[in-house]
$ cat structure.cif   # mmCIF, C-alpha atoms
data_model
#
loop_
_atom_site.group_PDB
_atom_site.id
_atom_site.type_symbol
_atom_site.label_atom_id
_atom_site.label_comp_id
_atom_site.auth_asym_id
_atom_site.auth_seq_id
_atom_site.Cartn_x
_atom_site.Cartn_y
_atom_site.Cartn_z
ATOM 1 C CA MET S 1 -34.268 37.825 89.903
ATOM 2 C CA PRO S 2 -36.433 39.842 87.519
ATOM 3 C CA ASP S 3 -37.120 38.222 84.142
ATOM 4 C CA ASN S 4 -36.370 41.476 82.324
ATOM 5 C CA TYR S 5 -32.630 41.029 82.956
ATOM 6 C CA PRO S 6 -31.791 37.560 81.633
ATOM 7 C CA TRP S 7 -28.143 36.568 81.815
ATOM 8 C CA TYR S 8 -28.127 34.658 78.516
ATOM 9 C CA THR S 9 -29.845 34.316 75.206
ATOM 10 C CA LEU S 10 -29.681 31.320 72.897
ATOM 11 C CA ILE S 11 -28.448 32.202 69.419
ATOM 12 C CA ASN S 12 -27.777 30.433 66.146
ATOM 13 C CA GLU S 13 -26.050 32.802 63.757
ATOM 14 C CA ASP S 14 -22.723 33.318 62.013
ATOM 15 C CA MET S 15 -22.255 36.762 63.566
ATOM 16 C CA VAL S 16 -19.848 36.531 66.505
ATOM 17 C CA LEU S 17 -20.222 39.088 69.292
ATOM 18 C CA GLN S 18 -18.660 39.811 72.649
ATOM 19 C CA GLY S 19 -20.067 37.442 75.253
ATOM 20 C CA ASP S 20 -20.596 34.485 72.889
ATOM 21 C CA ILE S 21 -19.677 31.222 74.607
ATOM 22 C CA PHE S 22 -18.265 28.348 72.588
ATOM 23 C CA GLU S 23 -18.109 24.870 74.105
ATOM 24 C CA PHE S 24 -15.242 22.469 73.305
ATOM 25 C CA PHE S 25 -13.482 25.031 71.120
ATOM 26 C CA ASP S 26 -10.193 23.907 69.524
ATOM 27 C CA ILE S 27 -7.328 26.311 70.234
ATOM 28 C CA LEU S 28 -3.865 26.142 68.673
ATOM 29 C CA VAL S 29 -1.476 26.512 71.621
ATOM 30 C CA PRO S 30 2.311 26.894 71.278
ATOM 31 C CA ILE S 31 4.339 24.407 73.299
ATOM 32 C CA GLU S 32 6.879 26.207 75.431
ATOM 33 C CA ALA S 33 10.166 25.329 73.812
ATOM 34 C CA GLU S 34 12.969 26.934 71.955
ATOM 35 C CA VAL S 35 12.387 27.989 68.378
ATOM 36 C CA ASP S 36 14.265 25.660 66.030
ATOM 37 C CA GLU S 37 16.710 26.684 63.276
ATOM 38 C CA ASN S 38 13.807 27.171 60.820
ATOM 39 C CA ASN S 39 12.104 29.643 63.181
ATOM 40 C CA THR S 40 9.247 27.236 63.804
ATOM 41 C CA ILE S 41 7.669 26.459 67.119
ATOM 42 C CA ASN S 42 5.880 23.313 68.166
ATOM 43 C CA SER S 43 2.197 23.607 68.945
ATOM 44 C CA LYS S 44 -0.757 21.454 69.891
ATOM 45 C CA ILE S 45 -4.536 21.645 69.786
ATOM 46 C CA GLU S 46 -6.294 21.983 73.146
ATOM 47 C CA GLN S 47 -10.032 22.195 73.772
ATOM 48 C CA TYR S 48 -11.504 24.897 75.951
ATOM 49 C CA ASN S 49 -14.881 26.370 76.698
ATOM 50 C CA VAL S 50 -14.291 30.006 75.762
ATOM 51 C CA ILE S 51 -16.032 33.371 75.792
ATOM 52 C CA VAL S 52 -15.478 36.083 73.191
ATOM 53 C CA MET S 53 -13.804 39.138 74.753
ATOM 54 C CA SER S 54 -13.314 41.280 71.620
ATOM 55 C CA GLN S 55 -15.626 44.273 71.437
ATOM 56 C CA SER S 56 -18.822 43.696 69.449
ATOM 57 C CA CYS S 57 -18.418 47.002 67.599
ATOM 58 C CA ASP S 58 -15.044 45.831 66.239
ATOM 59 C CA LEU S 59 -16.459 42.436 65.280
ATOM 60 C CA GLU S 60 -19.562 43.857 63.572
ATOM 61 C CA ALA S 61 -17.558 46.439 61.612
ATOM 62 C CA SER S 62 -14.915 43.856 60.595
ATOM 63 C CA LYS S 63 -12.187 46.018 62.159
ATOM 64 C CA ILE S 64 -10.226 43.067 63.533
ATOM 65 C CA ASP S 65 -8.771 39.925 62.015
ATOM 66 C CA PHE S 66 -8.376 38.018 65.286
ATOM 67 C CA VAL S 67 -10.834 37.395 68.118
ATOM 68 C CA LEU S 68 -9.794 37.475 71.764
ATOM 69 C CA LEU S 69 -11.072 34.480 73.737
ATOM 70 C CA CYS S 70 -10.778 33.560 77.409
ATOM 71 C CA PRO S 71 -11.426 30.198 79.056
ATOM 72 C CA VAL S 72 -14.704 29.669 80.899
ATOM 73 C CA ILE S 73 -14.438 27.090 83.687
ATOM 74 C CA ASP S 74 -17.293 25.396 85.574
ATOM 75 C CA VAL S 75 -17.118 26.472 89.218
ATOM 76 C CA ASP S 76 -16.771 22.864 90.439
ATOM 77 C CA VAL S 77 -13.843 22.222 88.094
ATOM 78 C CA PHE S 78 -12.291 25.529 89.120
ATOM 79 C CA THR S 79 -12.443 24.678 92.830
ATOM 80 C CA GLU S 80 -11.009 21.194 92.182
ATOM 81 C CA GLN S 81 -8.033 22.711 90.361
ATOM 82 C CA ALA S 82 -7.648 25.731 92.653
ATOM 83 C CA SER S 83 -5.177 26.030 95.461
ATOM 84 C CA GLY S 84 -4.977 28.146 98.569
ATOM 85 C CA ALA S 85 -7.570 30.874 99.077
ATOM 86 C CA PHE S 86 -9.600 29.956 95.981
ATOM 87 C CA LYS S 87 -10.376 26.469 97.268
ATOM 88 C CA GLY S 88 -13.223 27.443 99.602
ATOM 89 C CA ARG S 89 -16.360 29.537 99.713
ATOM 90 C CA LYS S 90 -14.448 32.643 100.805
ATOM 91 C CA GLY S 91 -12.381 32.638 97.598
ATOM 92 C CA LEU S 92 -15.450 32.074 95.437
ATOM 93 C CA GLU S 93 -17.232 34.915 97.222
ATOM 94 C CA GLN S 94 -14.287 37.215 96.508
ATOM 95 C CA ILE S 95 -14.433 36.267 92.827
ATOM 96 C CA ARG S 96 -18.206 36.819 92.796
ATOM 97 C CA ARG S 97 -17.732 40.281 94.321
ATOM 98 C CA GLY S 98 -15.109 41.138 91.680
ATOM 99 C CA VAL S 99 -12.190 41.760 94.020
ATOM 100 C CA ILE S 100 -9.852 39.150 92.492
ATOM 101 C CA PRO S 101 -8.126 40.572 89.382
ATOM 102 C CA GLY S 102 -8.001 38.147 86.500
ATOM 103 C CA LEU S 103 -11.105 36.150 87.413
ATOM 104 C CA HIS S 104 -14.762 36.948 86.755
ATOM 105 C CA MET S 105 -17.826 34.923 87.750
ATOM 106 C CA ILE S 106 -20.846 34.499 85.495
ATOM 107 C CA ALA S 107 -24.201 33.040 86.528
ATOM 108 C CA GLU S 108 -25.593 29.638 85.716
ATOM 109 C CA CYS S 109 -27.548 29.262 82.499
ATOM 110 C CA ASN S 110 -31.052 27.825 82.775
ATOM 111 C CA LEU S 111 -32.121 28.072 79.142
ATOM 112 C CA ASP S 112 -33.898 25.015 77.741
ATOM 113 C CA ASN S 113 -31.451 22.463 76.345
ATOM 114 C CA CYS S 114 -28.553 24.638 77.486
ATOM 115 C CA LEU S 115 -28.090 24.206 81.225
ATOM 116 C CA ARG S 116 -24.699 25.363 82.490
ATOM 117 C CA PRO S 117 -23.417 25.828 86.048
ATOM 118 C CA ILE S 118 -21.921 28.981 87.508
ATOM 119 C CA ARG S 119 -18.624 29.598 85.741
ATOM 120 C CA ILE S 120 -15.386 31.475 86.156
ATOM 121 C CA VAL S 121 -13.857 33.443 83.265
ATOM 122 C CA ASN S 122 -10.063 33.280 83.466
ATOM 123 C CA PHE S 123 -8.283 36.372 82.116
ATOM 124 C CA HIS S 124 -4.869 34.822 82.873
ATOM 125 C CA LYS S 125 -5.131 32.791 79.663
ATOM 126 C CA ILE S 126 -6.014 34.795 76.583
ATOM 127 C CA PHE S 127 -6.204 33.270 73.145
ATOM 128 C CA SER S 128 -6.357 34.951 69.766
ATOM 129 C CA MET S 129 -7.946 33.085 66.869
ATOM 130 C CA PRO S 130 -8.672 34.243 63.298
ATOM 131 C CA ILE S 131 -12.144 35.751 62.944
ATOM 132 C CA ASN S 132 -12.943 33.570 59.917
ATOM 133 C CA TYR S 133 -12.140 30.439 61.930
ATOM 134 C CA VAL S 134 -14.374 31.556 64.806
ATOM 135 C CA LYS S 135 -17.221 32.383 62.397
ATOM 136 C CA GLU S 136 -16.850 28.979 60.735
ATOM 137 C CA ILE S 137 -17.073 27.253 64.129
ATOM 138 C CA ALA S 138 -20.149 29.360 64.947
ATOM 139 C CA GLN S 139 -21.791 28.245 61.708
ATOM 140 C CA LYS S 140 -20.899 24.562 62.193
ATOM 141 C CA ASN S 141 -21.838 24.328 65.883
ATOM 142 C CA GLY S 142 -25.305 25.839 65.646
ATOM 143 C CA ASP S 143 -26.867 26.954 68.936
ATOM 144 C CA ARG S 144 -24.708 28.716 71.525
ATOM 145 C CA ILE S 145 -25.344 31.015 74.423
ATOM 146 C CA ARG S 146 -24.530 34.710 74.486
ATOM 147 C CA LEU S 147 -24.116 36.791 77.613
ATOM 148 C CA CYS S 148 -26.708 39.587 77.635
ATOM 149 C CA PRO S 149 -26.363 43.239 78.669
ATOM 150 C CA PRO S 150 -25.631 44.495 81.303
ATOM 151 C CA TYR S 151 -23.728 41.325 82.257
ATOM 152 C CA ARG S 152 -21.668 41.445 79.055
ATOM 153 C CA GLU S 153 -20.568 45.003 79.835
ATOM 154 C CA HIS S 154 -19.801 43.983 83.439
ATOM 155 C CA LEU S 155 -17.510 41.252 82.080
ATOM 156 C CA ALA S 156 -15.820 43.733 79.709
ATOM 157 C CA GLN S 157 -15.263 46.153 82.587
ATOM 158 C CA SER S 158 -13.700 43.397 84.692
ATOM 159 C CA PHE S 159 -11.428 42.477 81.766
ATOM 160 C CA ALA S 160 -10.382 46.126 81.347
ATOM 161 C CA ARG S 161 -9.665 46.517 85.090
ATOM 162 C CA TYR S 162 -7.383 43.489 84.925
ATOM 163 C CA PHE S 163 -5.284 45.032 82.147
ATOM 164 C CA MET S 164 -5.222 48.601 83.385
ATOM 165 C CA ARG S 165 -3.555 47.726 86.699
ATOM 166 C CA VAL S 166 -0.363 49.624 87.399
ATOM 167 C CA GLY S 167 2.278 48.216 89.701
ATOM 168 C CA LEU S 168 3.999 50.945 91.676
ATOM 169 C CA PRO S 169 7.723 50.633 92.485
ATOM 170 C CA ILE S 170 7.095 52.062 95.966
ATOM 171 C CA ASP S 171 3.608 51.889 97.428
ATOM 172 C CA ILE S 172 2.102 53.921 100.257
ATOM 173 C CA PRO S 173 2.733 52.028 103.517
ATOM 174 C CA LYS S 174 -0.148 50.173 105.177
ATOM 175 C CA PHE S 175 -1.936 51.946 108.023
#

$ encode --input "structure.cif" --output "structure tokens"
Amino acid sequence: MPDNYPWYTLINEDMVLQGDIFEFFDILVPIEAEVDENNTINSKIEQYNVIVMSQSCDLEASKIDFVLLCPVIDVDVFTEQASGAFKGRKGLEQIRRGVIPGLHMIAECNLDNCLRPIRIVNFHKIFSMPINYVKEIAQKNGDRIRLCPPYREHLAQSFARYFMRVGLPIDIPKF
């Protein structure tokens, strides 16, 4: 692979951009239950490795108050938890090729002091956290990796394809 197209860069800044990866990020997750008489819902804190999906232009221009985040799962953990077609090499190859909606594969990271395996971005779980909270975590955590262009744009395109799908009530029959 040519060196002029690195997958990642190591950053240490408060500015949060699309493609930033946060490790062990605390997410407030509602517990599926009925809302009580005070219109409150139970929630819990769960930790995820996440990648920022919000557009950098919106983040830089302070046009949004909440940041979209998706889980990033090590490929070995993904295959352990997967069932059916995703369990083997064929399923991973389909994810790598981009033919499985809702899942996107990113390369391993070989930066010094920041080695990470191949990972799967899961669009089936999307979190929204306040921008100020995410910036505070960025400041506290120090170094993190950021997905570089054109890989960041490839991820964004995959995310967009997942959401722009249209289910037809009657499809054209198979040939």

$ residues_around --input "structure.cif" --residues "Ala156 of chain S" --least-positions-apart "5" --cutoff "9 Å" --atoms "all atoms listed in the file" --output "mmCIF file with C-alpha atoms, in the coordinates of the input"
data_model
loop_
_atom_site.group_PDB
_atom_site.id
_atom_site.type_symbol
_atom_site.label_atom_id
_atom_site.label_comp_id
_atom_site.auth_asym_id
_atom_site.auth_seq_id
_atom_site.Cartn_x
_atom_site.Cartn_y
_atom_site.Cartn_z
ATOM 1 C CA GLN S 18 -18.660 39.811 72.649
ATOM 2 C CA GLY S 19 -20.067 37.442 75.253
ATOM 3 C CA MET S 53 -13.804 39.138 74.753
ATOM 4 C CA SER S 54 -13.314 41.280 71.620
ATOM 5 C CA GLN S 55 -15.626 44.273 71.437
ATOM 6 C CA TYR S 151 -23.728 41.325 82.257
ATOM 7 C CA ARG S 161 -9.665 46.517 85.090
#

$ closest_residue --input "structure.cif" --among "S:Val121, S:Leu69, S:Asn38, S:Tyr8" --to "Gly98 of chain S" --atoms "only C-alpha atoms"
S:Val121

$ atom_distance --input "structure.cif" --atom1 "atom CA of Cys148 of chain S" --atom2 "atom CA of Thr9 of chain S"
6.6 Å

$ resolve_selection --input "structure.cif" --expression "the PyMOL selection byres ((chain S and resi 106-120) around 8)" --output "number ranges by chain"
S: 7-10, 72-75, 78, 103-105, 121-122, 145

$ write_last_selection --input "structure.cif" --atoms "C-alpha atoms" --output "CSV table (one decimal), in the coordinates of the input"
chain,number,residue,atom,x,y,z
S,7,TRP,CA,-28.1,36.6,81.8
S,8,TYR,CA,-28.1,34.7,78.5
S,9,THR,CA,-29.8,34.3,75.2
S,10,LEU,CA,-29.7,31.3,72.9
S,72,VAL,CA,-14.7,29.7,80.9
S,73,ILE,CA,-14.4,27.1,83.7
S,74,ASP,CA,-17.3,25.4,85.6
S,75,VAL,CA,-17.1,26.5,89.2
S,78,PHE,CA,-12.3,25.5,89.1
S,103,LEU,CA,-11.1,36.2,87.4
S,104,HIS,CA,-14.8,36.9,86.8
S,105,MET,CA,-17.8,34.9,87.8
S,121,VAL,CA,-13.9,33.4,83.3
S,122,ASN,CA,-10.1,33.3,83.5
S,145,ILE,CA,-25.3,31.0,74.4

$ atom_distance --input "structure.cif" --atom1 "atom CA of Gln157 of chain S" --atom2 "atom CA of Val52 of chain S"
13.8 Å

$ closest_residue --input "structure.cif" --among "S:Met164, S:Val50, S:Leu92, S:Ile131" --to "Val16 of chain S" --atoms "only C-alpha atoms"
S:Ile131

$ resolve_selection --input "structure.cif" --expression "the PyMOL selection byres ((chain S and resi 27) around 12)" --output "PDB file with C-alpha atoms, keeping the file's coordinate frame"
ATOM      1  CA  PHE S  22     -18.265  28.348  72.588  1.00  0.00           C
ATOM      2  CA  GLU S  23     -18.109  24.870  74.105  1.00  0.00           C
ATOM      3  CA  PHE S  24     -15.242  22.469  73.305  1.00  0.00           C
ATOM      4  CA  PHE S  25     -13.482  25.031  71.120  1.00  0.00           C
ATOM      5  CA  ASP S  26     -10.193  23.907  69.524  1.00  0.00           C
ATOM      6  CA  LEU S  28      -3.865  26.142  68.673  1.00  0.00           C
ATOM      7  CA  VAL S  29      -1.476  26.512  71.621  1.00  0.00           C
ATOM      8  CA  PRO S  30       2.311  26.894  71.278  1.00  0.00           C
ATOM      9  CA  SER S  43       2.197  23.607  68.945  1.00  0.00           C
ATOM     10  CA  LYS S  44      -0.757  21.454  69.891  1.00  0.00           C
ATOM     11  CA  ILE S  45      -4.536  21.645  69.786  1.00  0.00           C
ATOM     12  CA  GLU S  46      -6.294  21.983  73.146  1.00  0.00           C
ATOM     13  CA  GLN S  47     -10.032  22.195  73.772  1.00  0.00           C
ATOM     14  CA  TYR S  48     -11.504  24.897  75.951  1.00  0.00           C
ATOM     15  CA  ASN S  49     -14.881  26.370  76.698  1.00  0.00           C
ATOM     16  CA  VAL S  50     -14.291  30.006  75.762  1.00  0.00           C
ATOM     17  CA  VAL S  67     -10.834  37.395  68.118  1.00  0.00           C
ATOM     18  CA  LEU S  68      -9.794  37.475  71.764  1.00  0.00           C
ATOM     19  CA  LEU S  69     -11.072  34.480  73.737  1.00  0.00           C
ATOM     20  CA  CYS S  70     -10.778  33.560  77.409  1.00  0.00           C
ATOM     21  CA  PRO S  71     -11.426  30.198  79.056  1.00  0.00           C
ATOM     22  CA  LYS S 125      -5.131  32.791  79.663  1.00  0.00           C
ATOM     23  CA  ILE S 126      -6.014  34.795  76.583  1.00  0.00           C
ATOM     24  CA  PHE S 127      -6.204  33.270  73.145  1.00  0.00           C
ATOM     25  CA  SER S 128      -6.357  34.951  69.766  1.00  0.00           C
ATOM     26  CA  MET S 129      -7.946  33.085  66.869  1.00  0.00           C
ATOM     27  CA  PRO S 130      -8.672  34.243  63.298  1.00  0.00           C
ATOM     28  CA  TYR S 133     -12.140  30.439  61.930  1.00  0.00           C
ATOM     29  CA  VAL S 134     -14.374  31.556  64.806  1.00  0.00           C
ATOM     30  CA  ILE S 137     -17.073  27.253  64.129  1.00  0.00           C
TER      31      ILE S 137
END

$ closest_residue --input "structure.cif" --among "S:Pro173, S:Leu168, S:Arg96, S:Leu147" --to "Asp20 of chain S" --atoms "all atoms listed in the file"
S:Leu147

$ decode --input "structure.cif" --residues "segment 130-149 of chain S" --atoms "N, CA and C atoms" --output "tab-separated table (two decimals), in the first residue's frame"
chain	number	residue	atom	x	y	z
S	130	PRO	N	-24.07	15.03	23.25
S	130	PRO	CA	-23.85	16.48	23.14
S	130	PRO	C	-22.41	16.80	22.69
S	131	ILE	N	-22.29	17.75	21.81
S	131	ILE	CA	-20.98	18.12	21.26
S	131	ILE	C	-20.02	18.55	22.37
S	132	ASN	N	-20.51	19.29	23.36
S	132	ASN	CA	-19.62	19.74	24.44
S	132	ASN	C	-19.08	18.56	25.24
S	133	TYR	N	-19.89	17.53	25.43
S	133	TYR	CA	-19.44	16.32	26.12
S	133	TYR	C	-18.34	15.63	25.32
S	134	VAL	N	-18.56	15.49	24.02
S	134	VAL	CA	-17.58	14.82	23.16
S	134	VAL	C	-16.27	15.61	23.13
S	135	LYS	N	-16.36	16.93	23.05
S	135	LYS	CA	-15.15	17.76	23.07
S	135	LYS	C	-14.40	17.63	24.39
S	136	GLU	N	-15.15	17.56	25.49
S	136	GLU	CA	-14.53	17.40	26.81
S	136	GLU	C	-13.79	16.06	26.89
S	137	ILE	N	-14.40	15.02	26.38
S	137	ILE	CA	-13.75	13.69	26.36
S	137	ILE	C	-12.50	13.75	25.49
S	138	ALA	N	-12.59	14.43	24.36
S	138	ALA	CA	-11.42	14.57	23.47
S	138	ALA	C	-10.27	15.26	24.21
S	139	GLN	N	-10.59	16.30	24.95
S	139	GLN	CA	-9.57	17.04	25.70
S	139	GLN	C	-8.97	16.19	26.81
S	140	LYS	N	-9.80	15.45	27.53
S	140	LYS	CA	-9.34	14.64	28.65
S	140	LYS	C	-8.52	13.42	28.19
S	141	ASN	N	-8.94	12.80	27.10
S	141	ASN	CA	-8.31	11.54	26.67
S	141	ASN	C	-6.97	11.73	25.98
S	142	GLY	N	-6.71	12.88	25.42
S	142	GLY	CA	-5.44	13.09	24.73
S	142	GLY	C	-5.44	12.45	23.36
S	143	ASP	N	-4.39	11.68	23.04
S	143	ASP	CA	-4.22	11.12	21.71
S	143	ASP	C	-5.39	10.21	21.31
S	144	ARG	N	-5.79	10.34	20.03
S	144	ARG	CA	-6.76	9.43	19.43
S	144	ARG	C	-6.44	9.34	17.95
S	145	ILE	N	-7.02	8.36	17.31
S	145	ILE	CA	-6.78	8.23	15.87
S	145	ILE	C	-7.96	8.81	15.11
S	146	ARG	N	-7.64	9.31	13.93
S	146	ARG	CA	-8.65	9.89	13.03
S	146	ARG	C	-8.49	9.22	11.67
S	147	LEU	N	-9.58	8.79	11.12
S	147	LEU	CA	-9.60	8.21	9.78
S	147	LEU	C	-9.30	9.30	8.77
S	148	CYS	N	-8.38	9.03	7.86
S	148	CYS	CA	-7.95	10.02	6.87
S	148	CYS	C	-8.76	9.91	5.58
S	149	PRO	N	-8.77	11.00	4.77
S	149	PRO	CA	-9.33	10.92	3.43
S	149	PRO	C	-8.44	10.01	2.58
